[in-house]
Amino acid sequence: MARLPVLLLVVDVAQALRAPPAMLLRRKAVAAPAKRTLGRFFRNAPVVSPVAVAAAPPLLPAIGAACALPTCLGFWKREYGVSYAYGLAISASAALALKEASTEVARAHALVHVAYGARLCLFLLWRETSVPRFQKLREKIERSAPTGSRLNRAPFVAGCSLLYYLMSLPVVMSARAAPVAGLRAAAAKTAVGLAWAGFLLAAAGDAYKSVAKRSDPSALVTGGPFALLAHPNYQGEQLLWTASTAAGLALAPLSWASAASALGALVGLAGINFVLVQATTGLNARHRATYGDDPKFRAWTAWKGVEFAATPGPPTGVSELY
């Protein structure tokens, strides 16, 4: 696209040298069709005015800042780097992309990220202020943080920021994509619908488990969405992020820039799925250790999801949060 204005200038000069004056008066009328034809030639990309490009905000750097700033909460409380920072970064990044979204499917795609981040932060705030067990868990995670200077947490904070940035690339890809039709449009709409289904499943899982645990924190939850899925809160997230990435890939144009964004989005998808599968693997190990002799647990046939090889010792990490 950067070479397009130069090419148009060369065409204009050539026309001026060989065209009669009457033809020059018609330049304004033929300029727009010439631009559209050349735009189709360059990978079917839409022609964007240089003035509009200059006025457009630098979205990717802005999203980088939206991911980095909230994650600095990890310097204060380590657990906040993977809880509130997670929700704030995802929601803020999608809100920036939403401003550039020009199609209904792109707006719905960005909104599911906004809704996920906002819902997560509200849920975490409610849980931290009303469930004493999670207040103690926050302090336990804090004690496991690197000792000494707070700057020793910089690799952890930077890693989280990068993950949230890569996870936000699909909404950037869809926000900047031109309208599509046919199979690509159907695939994008289906993927966005599945992302919303994953959002609702994760929200339902968190809500149902929180209510069930209030009366008996040690109880095994097997009702509601847990009758079919052992970890609907985590498995809903897996569906959300997988479908979100698929939507971005379906809408992205064929270009080197889009290929780089697609690669980054796939790395982000692999990263968050690694975290979530690690969490469900730890939860499955806790269930077997705690409820292994319980007939209710033995009769529970809910799908437990993909698991990593079990590791000896007590479960640690994000699985302790649930």
# chains A, B, ... in the order shown; residues from 1 in each chain; ligands from 1

call {"tool": "residues_around", "arguments": {"residues": "range 59-66 of chain A", "least_positions_apart": "5", "cutoff": "8 Å", "atoms": "only C-alpha atoms", "output": "NGL selection string"}}
result
:A and (89 or 92-93 or 96-97 or 161 or 165 or 168 or 172)

call {"tool": "closest_atom_pairs", "arguments": {"of": "range 149-203 of chain A", "to": "range 273-286 of chain A", "cutoff": "12 Å", "atoms": "only C-alpha atoms", "output": "tab-separated table"}}
result
residue	atom	partner	partner_atom	distance
A:Cys160	CA	A:Val275	CA	11.2
A:Leu163	CA	A:Val275	CA	10.7
A:Met167	CA	A:Asn273	CA	10.8

call {"tool": "write_last_selection", "arguments": {"atoms": "all heavy atoms", "output": "short mmCIF file (atom, residue, chain, number, x, y, z; two decimals), in the first residue's frame"}}
result
data_model
loop_
_atom_site.label_atom_id
_atom_site.label_comp_id
_atom_site.auth_asym_id
_atom_site.auth_seq_id
_atom_site.Cartn_x
_atom_site.Cartn_y
_atom_site.Cartn_z
N CYS A 160 3.42 -11.92 30.84
CA CYS A 160 1.95 -11.79 30.87
C CYS A 160 1.49 -10.74 29.87
O CYS A 160 0.51 -10.94 29.14
CB CYS A 160 1.48 -11.43 32.27
SG CYS A 160 1.67 -12.75 33.49
N LEU A 163 1.59 -12.12 26.36
CA LEU A 163 0.51 -13.07 26.12
C LEU A 163 -0.81 -12.35 25.86
O LEU A 163 -1.54 -12.68 24.91
CB LEU A 163 0.36 -14.01 27.31
CG LEU A 163 -0.80 -15.02 27.23
CD1 LEU A 163 -0.65 -15.93 26.02
CD2 LEU A 163 -0.90 -15.84 28.51
N MET A 167 -3.05 -12.41 22.40
CA MET A 167 -4.45 -12.84 22.46
C MET A 167 -5.40 -11.78 21.90
O MET A 167 -6.53 -12.10 21.52
CB MET A 167 -4.83 -13.16 23.91
CG MET A 167 -4.16 -14.40 24.47
SD MET A 167 -4.42 -14.57 26.26
CE MET A 167 -6.21 -14.75 26.32
#

call {"tool": "atom_distance", "arguments": {"atom1": "CA of Ser130 in chain A", "atom2": "CA of Gly205 in chain A"}}
result
18.1 Å

call {"tool": "closest_residue", "arguments": {"among": "A:Leu98, A:Ser255, A:Phe75, A:Val211", "to": "Ser149 in chain A", "atoms": "only C-alpha atoms"}}
result
A:Phe75

call {"tool": "atom_distance", "arguments": {"atom1": "CA of Val82 in chain A", "atom2": "CA of Gly248 in chain A"}}
result
24.0 Å

call {"tool": "residues_around", "arguments": {"residues": "range 103-115 of chain A", "least_positions_apart": "4", "cutoff": "6 Å", "atoms": "only C-alpha atoms", "output": "VMD selection string"}}
result
chain A and resid 91 94 98 119 171 174 to 175 192

call {"tool": "closest_residue", "arguments": {"among": "A:Ala219, A:Leu69, A:Ala204, A:Ala262", "to": "Ala250 in chain A", "atoms": "only C-alpha atoms"}}
result
A:Ala262

call {"tool": "residues_around", "arguments": {"residues": "Val131 in chain A", "least_positions_apart": "4", "cutoff": "10 Å", "atoms": "only C-alpha atoms", "output": "PyMOL selection string"}}
result
chain A and resi 126-127+135-136+210+214

call {"tool": "write_last_selection", "arguments": {"atoms": "N, CA and C atoms", "output": "PDB file, in the first residue's frame"}}
result
ATOM      1  N   TRP A 126     -15.756  -9.338  43.316  1.00  0.00           N
ATOM      2  CA  TRP A 126     -16.765  -9.887  44.229  1.00  0.00           C
ATOM      3  C   TRP A 126     -16.186 -11.033  45.050  1.00  0.00           C
ATOM      4  N   ARG A 127     -15.442 -11.919  44.398  1.00  0.00           N
ATOM      5  CA  ARG A 127     -14.918 -13.089  45.100  1.00  0.00           C
ATOM      6  C   ARG A 127     -13.879 -12.710  46.138  1.00  0.00           C
ATOM      7  N   GLN A 135      -8.900 -14.488  49.738  1.00  0.00           N
ATOM      8  CA  GLN A 135      -8.005 -13.486  50.299  1.00  0.00           C
ATOM      9  C   GLN A 135      -6.738 -14.149  50.832  1.00  0.00           C
ATOM     10  N   LYS A 136      -6.903 -15.288  51.501  1.00  0.00           N
ATOM     11  CA  LYS A 136      -5.745 -16.022  52.010  1.00  0.00           C
ATOM     12  C   LYS A 136      -4.911 -16.580  50.856  1.00  0.00           C
ATOM     13  N   SER A 210     -19.643 -20.839  42.292  1.00  0.00           N
ATOM     14  CA  SER A 210     -19.557 -19.922  43.426  1.00  0.00           C
ATOM     15  C   SER A 210     -20.750 -20.090  44.360  1.00  0.00           C
ATOM     16  N   ARG A 214     -20.719 -21.805  48.347  1.00  0.00           N
ATOM     17  CA  ARG A 214     -20.992 -20.933  49.500  1.00  0.00           C
ATOM     18  C   ARG A 214     -21.533 -21.731  50.682  1.00  0.00           C
TER      19      ARG A 214
END

call {"tool": "select_by_dssp", "arguments": {"residues": "range 55-269 of chain A", "states": "helix (DSSP H, G or I)", "output": "VMD selection string"}}
result
chain A and resid 55 59 to 71 73 to 76 78 to 82 84 to 100 104 to 130 132 to 143 150 to 175 182 to 215 224 to 227 232 to 251 256 to 269

call {"tool": "closest_residue", "arguments": {"among": "A:Trp300, A:Leu251, A:Ala101, A:Leu169", "to": "Ala185 in chain A", "atoms": "only C-alpha atoms"}}
result
A:Leu251

call {"tool": "closest_residue", "arguments": {"among": "A:Leu162, A:Gly87, A:Lys213, A:Ala299", "to": "Arg133 in chain A", "atoms": "only C-alpha atoms"}}
result
A:Lys213
